[in-house]
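Reading through the structure tokens given below for one structure.
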Amino acid sequence: MAQTSSTTTESPFANVSMYLNSVSPGYTQLDENLFHPLPNNVPASTREIIWPMNNGKSINAKLKLEKEYLNIARPPMGPFESTTYVSLPLHVVNDFKERVQRCDKRHEGNMHIAANVNPLTQDPFRNPNMNPGALTAIVETKSKFQSRNPFNKLTTNFNKLFVKDESFENVESSDVSILSYNDEFASCGKLLISANVNVLNVFGLSESSEYEHTKVTNEENELEQPLLRLQFSSTCIITSLTAFVLNEEPIIVFGCNLGKVSIIKPRSMKMKQIDLNLNSLEQSLNVVNVSTVYAIRHPLYEYLIVAGTSNGEVFILNPLAKNELQNYKKEVVGTDSYVTFYRKFDLSIFGQASDEQLIGHFKLCHKSITAFASTLSVEEPLQNDLQPLLLAVASEDGFVKFIDLMFSYRLDQEESASSIVTDIVSNYFNSGVSDVKFSPDFKFFTIVGKGDLIEVFKMTYYNITGLLKKPERQGRSRSGTVNSHNSHYTAMQATQSLQNLQEQLPERSYPPIIKSVETVCRFKGHANSVKSIQFLRGNGDSLSVYKLVSCGNDGKVFIWEFDYKAVPKVKKTTIATQNKPTRESRRSIHEKKNGNLVSTHSPSPGPVHSRSAHRRNLSSDPILNTPSFTNLLSPKSLNLTSVLSDGHSPKSEASETVMALYKQLLEVRSKKSPQKTFIQSSTIISPIVNDKFLPSISIPLATIDLTSIVPDGKIDNVYIDKQAVWCFCKNGDLFKYKVYRE
């Protein structure tokens, strides 16, 4: 079964002391990555599952769990690991159960691993992200590598000489231990990348998701030989991981507890480390660990790395830059309502590329950054200029902050009147957010976290290009009355200004900005915290139907179907519900400070009642149901004459004129928002909709129940392709289902 199960003592009873005296028994050394057989008591409902994901075809399909699973071996516990968050693999737990059955103390009952560990032993509190367990991802590389031919290996080695990695160093010359290396990346259709504590593994997979380098040992155990296996120092813990393929080169990016971001190119064996602990005083007192990393593709750069830390800071890095950041000093250079800047940046389409390695550095909150999502994913090429420039930042404080990079225009040169954070969204329980994802068309996004709900939000955008290139017919207001201040002259002036503007502006499109964010529905199915959520691509269904997959700490994986047109609209509350008093404990922080917030919006005169963001749907207020707020801002209501006047005439620069329109749209948005009553900022804070007024989906398309084979139920991530479904567990166990079509 496992290596630990094969070691028995001389006594007639199995020795269990190694399990009772340690929270991570069996990890005396770094072992190979071994395959283990599934136990015999796995339910039939787990071994075989009806599979609805078949690219829109009517052919029946089933998932069948493979009889063996791969365990990513971990090294012995390091000095910086907390014993509170160690996740044990299945073969260790099963071995302990077997030994307990043969132990003379089995009748005592309640024997648990680490039962003899002294609870008074000093284990100082550490961030849970410093014990993330195994982090695993799969990237497809076959379509981006060159086709197989006799000269493929020669061509690969020849191309290494021309790779743009002058700032990278050879892995052999670094302080990293190379445990194994096999230069056969070009023959693999996919790469499975998994890190456990301080060991990084890169495995080769075929196009049909089969292991390609399985070997049988002398003990008749099967092991998987990685193409590349690296081990870092004992004080290093890999806390975050992402991987992608760019220019025929797989790139692995990970952060560690020492505050470093590492970029590895396994094919060319190149590596680069960026130390984010720049202040020596802070480094000596409290080392900030990198809690999450993310890669984006920007029009001005080949790619950028966005790193979040455990203290709420965000770094935007250019790995290919020439100028290192050794001389950078962490100092506050500016603030706005929600951001503290240490290094300002300009990542708008009007900005200029920089040779600095550190593009931007700012602080968003006081808790750990947990996830990033962007409309500029590095996995997809930039479609066109109509693609939004959004970066969503999730954190443990329960909020997701949306940063529109267009509002970073000239941020590094002058003070900005508006914040780069345009919208703030909270999950229903206002607890830690673990993941946020955009739909492939950027019309929706989802939020998951410590709660058991999955929330779906709808996004609409302003078409900036359409507003600039289509003259508006002004002369009558939306209510039908004639506009004041000589409307005929104003309309002619605006039309003439727009015509002059069109002649001045270059022939290009401009990124849209957010117009509205609203809650659409919630998925209810998980029984514990949800760890990961993602949209599935290529479903073969209509444009309004999406497939999502979620996993969490309840040992289950759910496949959801979301049809926006079929989901009921958010229910509107009645006046009786609005006037119903609520408990003081359910009121939000802003409502407690502004108890008379609703008095001006009350449907009838009377005493002021408290409002609960959880128990009441704010979007049901009479002021929110008016056409001016429902549409927020139509092109007809936009006063382009004011945009083109006083310093923003057609004679001014095109970028200044376009950005004036962006800022006016954001300003009108904030004025239309009811949150503006007590928040003196242009940032929109979306209200939390009461759960009983929002439609919910409780029946998934498919359920993968792994509770019988995942001891702690913690499933970290899921990968789905046409041939297989992979479930990656925090304890290092990798379970694979094969897709069989009838």
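Residues in the structure tokens are numbered from 1 in each chain, the chains being A, B, ... in the order shown, and ligands are numbered from 1 in the order shown.
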Give me the residues within 8 Å of region 697-705 of chain A as a VMD selection string, counting only C-alpha atoms and dropping any in the same chain fewer than 2 places off.
chain A and resid 45 to 46 49 to 52 521 to 525 555 to 561 695 707 to 708
Hey, what's within 6 Å of region 14-23 of chain A if we count only C-alpha atoms and toss same-chain stuff fewer than 2 positions away? As a PyMOL selection string, please?
chain A and resi 25+99+102-103+113-117
Would you list the contacts of Phe345 (chain A) as a list in words, taking every protein, DNA or RNA residue within 8 Å and counting only C-alpha atoms, but skipping same-chain residues closer than 2 positions in sequence?
Arg343, Leu347, Ile359, Gly360, Ser408, Arg410, Leu411 and Asp412 of chain A
Which residue of A:Ile178, A:Leu665, A:Val245, A:Val570 approaches Asp691 (chain A) most closely, using only C-alpha atoms:
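Once distances to Asp691 (chain A) are computed over only C-alpha atoms, the minimum belongs to A:Val570.
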Rank nothing, just name the residue among A:Phe693, A:Tyr303, A:Phe445, A:Phe35 nearest to Lys215 (chain A), using only C-alpha atoms.
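The shortest atom-to-atom distance to Lys215 (chain A) comes from A:Phe35.
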Distance query Ile72 (chain A) at most 12 Å, only C-alpha atoms, self and fewer than 4 positions along chain excluded, as a ChimeraX atom specification
/A:30-36,88-91,133-136,192-203,223-226,229,728-735
Those of region 230-355 of chain A in DSSP helix (DSSP H, G or I), formatted as a compact mmCIF listing (two decimals) with N, CA and C atoms, in the first residue's frame:
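Okay, this is what ended up in result31.txt:
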```txt
# COMPACT_ATOMS: atom_id res chain seq x y z
N SER A 280 14.64 46.69 5.38
CA SER A 280 15.40 45.82 6.28
C SER A 280 14.81 45.79 7.68
N LEU A 281 14.26 46.91 8.16
CA LEU A 281 13.68 46.93 9.50
C LEU A 281 12.45 46.05 9.57
N GLU A 282 11.56 46.17 8.59
CA GLU A 282 10.37 45.33 8.56
C GLU A 282 10.75 43.86 8.38
N GLN A 283 11.76 43.61 7.59
CA GLN A 283 12.17 42.23 7.35
C GLN A 283 12.66 41.59 8.63
N SER A 284 13.35 42.34 9.47
CA SER A 284 13.86 41.77 10.71
C SER A 284 12.76 41.55 11.73
N LEU A 285 11.70 42.36 11.68
CA LEU A 285 10.62 42.23 12.64
C LEU A 285 9.56 41.25 12.18
```
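Straight-line separation from CA of Gly26 (chain A) to CA of Pro76 (chain A): 8.4 Å.
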Quick one: distance from CA of Thr657 (chain A) to CA of Leu468 (chain A) in Å, one decimal?
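That distance, rounded to one decimal, is 9.9 Å.
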Counting only C-alpha atoms, which residue out of A:Phe444, A:Lys692, A:Pro43, A:Ile533 sits closest to Val545 (chain A)?
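Smallest separation from Val545 (chain A) among the options: A:Phe444.
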Could you name the residues that touch region 448-459 of chain A at 8 Å or less, counting only C-alpha atoms, but leaving out those on the same chain fewer than 2 positions away, as a PyMOL selection string?
chain A and resi 398+427-429+431-436+442-446+461+514-533
Just-selected residues, C-alpha atoms written as an mmCIF file, in the first residue's frame:
```
data_model
loop_
_atom_site.group_PDB
_atom_site.id
_atom_site.type_symbol
_atom_site.label_atom_id
_atom_site.label_comp_id
_atom_site.auth_asym_id
_atom_site.auth_seq_id
_atom_site.Cartn_x
_atom_site.Cartn_y
_atom_site.Cartn_z
ATOM 1 C CA GLY A 398 -14.427 39.660 2.807
ATOM 2 C CA ASN A 427 -19.750 38.176 -0.284
ATOM 3 C CA TYR A 428 -22.959 37.469 1.612
ATOM 4 C CA PHE A 429 -21.341 36.552 4.936
ATOM 5 C CA SER A 431 -16.068 36.804 5.489
ATOM 6 C CA GLY A 432 -12.807 35.878 3.787
ATOM 7 C CA VAL A 433 -12.909 35.522 -0.001
ATOM 8 C CA SER A 434 -10.871 32.574 -1.303
ATOM 9 C CA ASP A 435 -11.400 32.884 -5.063
ATOM 10 C CA VAL A 436 -12.900 35.165 -7.708
ATOM 11 C CA PHE A 442 -16.383 39.182 -18.896
ATOM 12 C CA LYS A 443 -20.148 39.586 -18.420
ATOM 13 C CA PHE A 444 -20.234 37.768 -15.083
ATOM 14 C CA PHE A 445 -17.955 37.013 -12.175
ATOM 15 C CA THR A 446 -18.226 34.688 -9.185
ATOM 16 C CA TYR A 461 -20.066 48.296 -19.345
ATOM 17 C CA ILE A 514 -17.906 49.240 -15.530
ATOM 18 C CA LYS A 515 -21.436 50.577 -15.735
ATOM 19 C CA SER A 516 -23.118 48.421 -13.084
ATOM 20 C CA VAL A 517 -22.559 45.397 -10.881
ATOM 21 C CA GLU A 518 -25.537 43.464 -9.570
ATOM 22 C CA THR A 519 -26.089 40.148 -7.835
ATOM 23 C CA VAL A 520 -27.799 37.578 -10.045
ATOM 24 C CA CYS A 521 -28.079 34.333 -8.072
ATOM 25 C CA ARG A 522 -26.397 32.048 -5.560
ATOM 26 C CA PHE A 523 -25.432 28.386 -5.741
ATOM 27 C CA LYS A 524 -26.169 26.322 -2.631
ATOM 28 C CA GLY A 525 -24.670 22.866 -2.325
ATOM 29 C CA HIS A 526 -21.436 22.917 -0.392
ATOM 30 C CA ALA A 527 -21.391 22.094 3.310
ATOM 31 C CA ASN A 528 -18.132 23.869 4.111
ATOM 32 C CA SER A 529 -15.891 26.634 2.845
ATOM 33 C CA VAL A 530 -15.525 26.829 -0.930
ATOM 34 C CA LYS A 531 -11.910 26.903 -2.062
ATOM 35 C CA SER A 532 -12.037 27.338 -5.833
ATOM 36 C CA ILE A 533 -14.487 28.277 -8.592
#
```
Find the spatial neighbours of Ser418 (chain A), counting only C-alpha atoms, within a cut-off of 8 Å - ignore same-chain residues fewer than 3 positions away - and output them as a PDB file with N, CA, C and O atoms, in the first residue's frame.
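Dumped everything to around_6.pdb:
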```pdb
ATOM      1  N   ASP A 336      -5.444  57.530  -1.492  1.00  0.00           N
ATOM      2  CA  ASP A 336      -6.801  57.934  -1.813  1.00  0.00           C
ATOM      3  C   ASP A 336      -7.721  57.240  -0.826  1.00  0.00           C
ATOM      4  O   ASP A 336      -7.275  56.774   0.233  1.00  0.00           O
ATOM      5  N   PHE A 407      -7.910  54.198 -14.995  1.00  0.00           N
ATOM      6  CA  PHE A 407      -7.874  55.316 -14.052  1.00  0.00           C
ATOM      7  C   PHE A 407      -6.504  55.468 -13.393  1.00  0.00           C
ATOM      8  O   PHE A 407      -6.347  56.296 -12.500  1.00  0.00           O
ATOM      9  N   LYS A 663     -13.664  59.907 -16.584  1.00  0.00           N
ATOM     10  CA  LYS A 663     -13.864  60.453 -15.244  1.00  0.00           C
ATOM     11  C   LYS A 663     -15.282  60.968 -15.049  1.00  0.00           C
ATOM     12  O   LYS A 663     -15.854  60.857 -13.963  1.00  0.00           O
ATOM     13  N   SER A 681     -16.678  59.378  -1.909  1.00  0.00           N
ATOM     14  CA  SER A 681     -15.710  58.795  -2.822  1.00  0.00           C
ATOM     15  C   SER A 681     -16.417  58.418  -4.102  1.00  0.00           C
ATOM     16  O   SER A 681     -17.631  58.253  -4.141  1.00  0.00           O
ATOM     17  N   SER A 682     -15.635  58.277  -5.167  1.00  0.00           N
ATOM     18  CA  SER A 682     -16.197  57.855  -6.444  1.00  0.00           C
ATOM     19  C   SER A 682     -16.308  56.346  -6.542  1.00  0.00           C
ATOM     20  O   SER A 682     -16.746  55.823  -7.564  1.00  0.00           O
TER      21      SER A 682
END
```
